[in-house]
Amino acid sequence: MRDAVIVDAVRAPIGRRNGTLAGVHPVDLAADVLIAVAERNQLDPASVDDVIWGCVTQIADQSTNVGRLAVLAAGWPETIPGVTVDRACGSSQQAVHFAAASVISGQNDVVIAGGVESMSRVPLGSARATGEPFGPRVRDRYQRDSFSQGLGAEEIARRWGLDRTRLDEFALESHLRAAAAIDAGAFAGQITPVLGPDGAFTMDEGVRRQSSMATLADLKPAFREDGVIHAGNSSQISDGSAALLIMTSEKAAALGLRPLARFHSGVALGDDPVTMLTAPIPATRKVLARAGLSIDDIGVFEVNEAFASVPLAWEIETGADHARVNPLGGAIAVGHPLGASGAILMTRMIHHMVDHGLQYGLQTMCEAGGMANATVIELLAS
């Protein structure tokens, strides 16, 4: 039987909004990680059958199929195709699912999956500036003119009894865990330097080492005057890119490559689009059932920190060990470059599994429209 293994996973450092990566065109940023994943594995780019790339706001600098343009910017053969995927925040996690499916089905032997988002250059919400994406039938079905992730995060906090103190404690812990991971060199083997205005950029720059409960308490609610969600317990607006090299184990052996992990199971699932951010809960249940595993079998979880209420509600519903959830910090600390985040989280998770000998990892992300991807990865490296 054909399988899908992950030979390598590499990412750029995450830049904060209008920070070090703001001057790097997203096509070039995507090309940088493509070049890196090939060079790290002495892979002839001509052996790549397809590049499947996540990107959410596909206008302006990210228009015209950024996945294909990244291949050309990398200087790779013109024969290599590229496609750009939009499943909202889970775009590059979905790219991994598509890549795995394509090699398991025999359509391809070698695929690179990943994503890019430059939120400095193409701001969040840009695609809505000239039109109405929901249409009258969707608005009529849900009796509303718009859908708000922020209000959804507020509703989750209310429904699961999460007060501001608990949300802020989680946010602060995200920064502390991320800072500890950076200081321990946890990301050194996965980050490829990107040339910035001051030279090689090598470190995620969103971490606020001086953050405290007192500083978080000073921030005003962002979505309701009496709300609990604010900038400090929400994901940061960021720039980033990541790539995973995926192929069959047979192809890896033929190329003399040793895979890190195996794509074990994956699902995508929809839930209430009004609350919008709850789908990781049923998606986790579904992927565990498909994998034949329990929550206690999983050694590490990556649950995207779109808002602190999302992973906290997820923990309550799944019973996951808090110590295993986002052990390296998350998007509250380092940022959430939309179309790249799925691949970034998977890169972080796989390298963490290798470093600590964890057999299984599970990743899930809430996505606009009330969706989620969930993926189980199995360690192969010893």
# chains A, B, ... in the order shown; residues from 1 in each chain; ligands from 1
$ residues_around --residues "Cys366 in chain A" --least-positions-apart "2" --cutoff "12 Å" --atoms "only C-alpha atoms" --output "PyMOL selection string"
chain A and resi 87-91+93+149+152-153+268-273+275-284+302-311+313-314+336+338+341-342+363-364+368-374
$ residues_around --residues "Ser102 in chain A" --least-positions-apart "5" --cutoff "9 Å" --atoms "only C-alpha atoms" --output "ChimeraX atom specification"
/A:4,97,107-109,111
$ residues_around --residues "Cys55 in chain A" --least-positions-apart "2" --cutoff "10 Å" --atoms "only C-alpha atoms" --output "VMD selection string"
chain A and resid 26 53 57 to 59 62 to 63 65 to 67 84 to 92 95 114 to 118 241 337 to 341
$ select_by_dssp --residues "range 95-340 of chain A" --states "helix (DSSP H, G or I)" --output "JSON, numbers by chain"
{"A": [95, 96, 97, 98, 99, 100, 101, 102, 103, 104, 126, 127, 128, 135, 136, 137, 138, 139, 140, 141, 142, 149, 150, 151, 152, 153, 154, 155, 156, 157, 158, 159, 164, 165, 166, 167, 168, 169, 170, 171, 172, 173, 174, 175, 176, 177, 178, 179, 180, 181, 182, 183, 213, 214, 215, 216, 217, 231, 232, 233, 249, 250, 251, 252, 253, 254, 280, 281, 282, 283, 284, 285, 286, 287, 288, 289, 290, 291, 295, 296, 297, 309, 310, 311, 312, 313, 314, 315, 316, 317, 318, 322, 323, 324, 331, 332, 333, 334, 338, 339, 340]}
$ write_last_selection --atoms "C-alpha atoms" --output "compact mmCIF listing (two decimals), in the first residue's frame"
# COMPACT_ATOMS: atom_id res chain seq x y z
CA ALA A 95 -2.55 21.73 1.54
CA VAL A 96 -0.83 18.98 3.53
CA HIS A 97 -4.02 16.88 3.40
CA PHE A 98 -4.25 17.33 -0.38
CA ALA A 99 -0.56 16.49 -0.80
CA ALA A 100 -0.88 13.34 1.28
CA ALA A 101 -3.97 12.26 -0.64
CA SER A 102 -2.25 12.81 -3.97
CA VAL A 103 0.74 10.61 -3.15
CA ILE A 104 -1.35 7.91 -1.44
CA SER A 126 -8.70 43.41 2.08
CA ALA A 127 -10.69 40.97 -0.03
CA ARG A 128 -13.99 42.36 1.30
CA GLY A 135 -24.54 36.82 -0.51
CA PRO A 136 -28.24 37.22 0.31
CA ARG A 137 -29.02 33.52 0.80
CA VAL A 138 -26.33 33.01 3.45
CA ARG A 139 -27.38 36.20 5.22
CA ASP A 140 -31.02 35.13 5.10
CA ARG A 141 -30.26 31.63 6.36
CA TYR A 142 -28.52 32.93 9.48
CA GLN A 149 -14.75 35.74 14.61
CA GLY A 150 -14.22 38.11 17.53
CA LEU A 151 -17.85 37.87 18.62
CA GLY A 152 -17.60 34.12 18.15
CA ALA A 153 -14.63 34.07 20.52
CA GLU A 154 -16.67 36.08 23.02
CA GLU A 155 -19.54 33.61 22.75
CA ILE A 156 -17.18 30.68 23.34
CA ALA A 157 -15.83 32.38 26.47
CA ARG A 158 -19.40 32.89 27.74
CA ARG A 159 -20.56 29.38 26.89
CA ARG A 164 -10.88 37.36 31.43
CA THR A 165 -8.40 36.26 34.08
CA ARG A 166 -8.32 32.70 32.73
CA LEU A 167 -7.94 33.95 29.15
CA ASP A 168 -5.13 36.30 30.11
CA GLU A 169 -3.35 33.58 32.08
CA PHE A 170 -3.40 31.41 28.96
CA ALA A 171 -2.10 34.30 26.83
CA LEU A 172 0.75 35.02 29.22
CA GLU A 173 1.66 31.34 29.32
CA SER A 174 1.85 31.34 25.51
CA HIS A 175 4.52 34.05 25.64
CA LEU A 176 6.42 32.31 28.44
CA ARG A 177 6.42 28.97 26.60
CA ALA A 178 7.49 30.56 23.32
CA ALA A 179 10.31 32.48 24.98
CA ALA A 180 11.52 29.32 26.73
CA ALA A 181 11.43 27.39 23.45
CA ILE A 182 13.45 30.07 21.67
CA ASP A 183 16.01 30.19 24.49
CA MET A 213 -1.07 39.96 33.89
CA ALA A 214 -0.99 43.64 34.78
CA THR A 215 -0.13 44.78 31.25
CA LEU A 216 -2.78 42.47 29.79
CA ALA A 217 -5.35 43.87 32.23
CA ALA A 231 -5.50 42.21 21.47
CA GLY A 232 -3.41 40.55 24.18
CA ASN A 233 -5.34 37.26 24.30
CA SER A 249 8.10 5.89 1.86
CA GLU A 250 9.12 3.90 -1.21
CA LYS A 251 10.13 7.10 -3.02
CA ALA A 252 12.00 8.33 0.04
CA ALA A 253 14.00 5.10 0.15
CA ALA A 254 14.78 5.39 -3.57
CA PRO A 280 -11.86 21.89 16.24
CA ILE A 281 -13.80 20.09 18.99
CA PRO A 282 -15.82 17.72 16.75
CA ALA A 283 -12.96 17.56 14.24
CA THR A 284 -10.68 16.23 16.98
CA ARG A 285 -13.21 13.58 17.93
CA LYS A 286 -13.60 12.57 14.30
CA VAL A 287 -9.89 12.30 13.51
CA LEU A 288 -9.21 10.31 16.69
CA ALA A 289 -11.99 7.90 15.77
CA ARG A 290 -10.59 7.57 12.27
CA ALA A 291 -7.09 7.00 13.62
CA ILE A 295 -6.89 11.59 23.46
CA ASP A 296 -4.37 10.10 25.90
CA ASP A 297 -2.45 8.44 23.06
CA SER A 309 -10.99 30.99 24.36
CA VAL A 310 -10.65 28.56 21.43
CA PRO A 311 -7.98 26.17 22.79
CA LEU A 312 -9.31 26.52 26.34
CA ALA A 313 -12.83 25.42 25.34
CA TRP A 314 -11.24 22.67 23.24
CA GLU A 315 -9.29 21.44 26.29
CA ILE A 316 -12.44 21.34 28.41
CA GLU A 317 -14.38 19.34 25.81
CA THR A 318 -11.61 16.89 24.84
CA HIS A 322 -2.93 21.06 29.27
CA ALA A 323 0.82 20.45 29.49
CA ARG A 324 0.74 18.78 26.05
CA ALA A 331 -0.13 32.32 17.79
CA ILE A 332 -0.83 34.63 20.72
CA ALA A 333 2.93 34.81 21.26
CA VAL A 334 4.41 34.45 17.79
CA LEU A 338 -3.22 33.01 8.07
CA GLY A 339 -2.40 30.89 5.01
CA ALA A 340 0.96 29.80 6.42
$ closest_atom_pairs --of "range 236-353 of chain A" --to "range 186-198 of chain A" --cutoff "9 Å" --atoms "only C-alpha atoms" --output "Markdown table"
| residue | atom | partner | partner_atom | distance |
| --- | --- | --- | --- | --- |
| A:Ala242 | CA | A:Ile191 | CA | 8.9 |
| A:Leu328 | CA | A:Ala186 | CA | 8.2 |
| A:Thr347 | CA | A:Gln190 | CA | 7.2 |
| A:Arg348 | CA | A:Phe187 | CA | 7.4 |
| A:His351 | CA | A:Gln190 | CA | 7.3 |
| A:His352 | CA | A:Ala186 | CA | 7.6 |
$ select_by_dssp --residues "range 255-362 of chain A" --states "strand (DSSP E)" --output "list in words"
Ala261, Arg262, Phe263, His264, Ser265, Gly266, Val267, Ala268, Leu269, Gly270, Val300, Phe301, Glu302, Val303, Tyr360, Gly361 and Leu362 of chain A
$ atom_distance --atom1 "CA of His25 in chain A" --atom2 "CA of Met119 in chain A"
10.9 Å
$ closest_atom_pairs --of "range 255-293 of chain A" --to "range 43-49 of chain A" --cutoff "12 Å" --atoms "only C-alpha atoms" --output "Markdown table"
| residue | atom | partner | partner_atom | distance |
| --- | --- | --- | --- | --- |
| A:Leu255 | CA | A:Leu43 | CA | 8.3 |
| A:Gly256 | CA | A:Leu43 | CA | 10.1 |
| A:Leu257 | CA | A:Leu43 | CA | 9.2 |
$ write_last_selection --atoms "N, CA and C atoms" --output "compact mmCIF listing (two decimals), in the first residue's frame"
# COMPACT_ATOMS: atom_id res chain seq x y z
N LEU A 255 15.29 7.70 -2.99
CA LEU A 255 16.07 8.93 -3.02
C LEU A 255 17.10 8.99 -1.89
N GLY A 256 17.13 7.96 -1.05
CA GLY A 256 18.07 7.94 0.06
C GLY A 256 17.71 8.90 1.17
N LEU A 257 16.41 9.18 1.32
CA LEU A 257 15.94 10.12 2.33
C LEU A 257 15.26 9.37 3.48
$ atom_distance --atom1 "CA of Ala200 in chain A" --atom2 "CA of Ile14 in chain A"
13.0 Å
$ atom_distance --atom1 "CA of Leu245 in chain A" --atom2 "CA of Leu29 in chain A"
16.9 Å
$ residues_around --residues "Asp32 in chain A" --least-positions-apart "2" --cutoff "8 Å" --atoms "only C-alpha atoms" --output "list in words"
Ala12, Asp28, Leu29, Ala30, Leu34, Ile35, Ala36, Ala74 and Val194 of chain A
$ write_last_selection --atoms "N, CA and C atoms" --output "mmCIF file, in the first residue's frame"
data_model
loop_
_atom_site.group_PDB
_atom_site.id
_atom_site.type_symbol
_atom_site.label_atom_id
_atom_site.label_comp_id
_atom_site.auth_asym_id
_atom_site.auth_seq_id
_atom_site.Cartn_x
_atom_site.Cartn_y
_atom_site.Cartn_z
ATOM 1 N N ALA A 12 10.048 29.804 7.634
ATOM 2 C CA ALA A 12 10.687 31.093 7.864
ATOM 3 C C ALA A 12 10.394 31.516 9.297
ATOM 4 N N ASP A 28 8.404 35.859 -2.956
ATOM 5 C CA ASP A 28 9.806 35.590 -2.639
ATOM 6 C C ASP A 28 9.938 34.873 -1.301
ATOM 7 N N LEU A 29 9.103 35.228 -0.339
ATOM 8 C CA LEU A 29 9.130 34.559 0.962
ATOM 9 C C LEU A 29 8.776 33.079 0.811
ATOM 10 N N ALA A 30 7.771 32.796 0.000
ATOM 11 C CA ALA A 30 7.403 31.409 -0.279
ATOM 12 C C ALA A 30 8.537 30.683 -1.005
ATOM 13 N N LEU A 34 10.754 27.085 -0.150
ATOM 14 C CA LEU A 34 10.865 26.031 -1.158
ATOM 15 C C LEU A 34 12.331 25.696 -1.411
ATOM 16 N N ILE A 35 13.136 26.713 -1.609
ATOM 17 C CA ILE A 35 14.565 26.502 -1.848
ATOM 18 C C ILE A 35 15.197 25.788 -0.658
ATOM 19 N N ALA A 36 14.831 26.214 0.542
ATOM 20 C CA ALA A 36 15.426 25.638 1.745
ATOM 21 C C ALA A 36 15.099 24.157 1.890
ATOM 22 N N ALA A 74 11.604 30.628 -7.176
ATOM 23 C CA ALA A 74 12.658 29.760 -6.655
ATOM 24 C C ALA A 74 13.666 29.377 -7.730
ATOM 25 N N VAL A 194 15.841 34.330 6.562
ATOM 26 C CA VAL A 194 15.322 35.156 5.462
ATOM 27 C C VAL A 194 16.063 36.483 5.501
#
$ closest_residue --among "A:Ala73, A:Leu219, A:Ile246, A:Arg144" --to "Val274 in chain A" --atoms "only C-alpha atoms"
A:Arg144
$ closest_residue --among "A:Thr202, A:Ser294, A:Thr375, A:Thr248" --to "Arg11 in chain A" --atoms "only C-alpha atoms"
A:Thr202
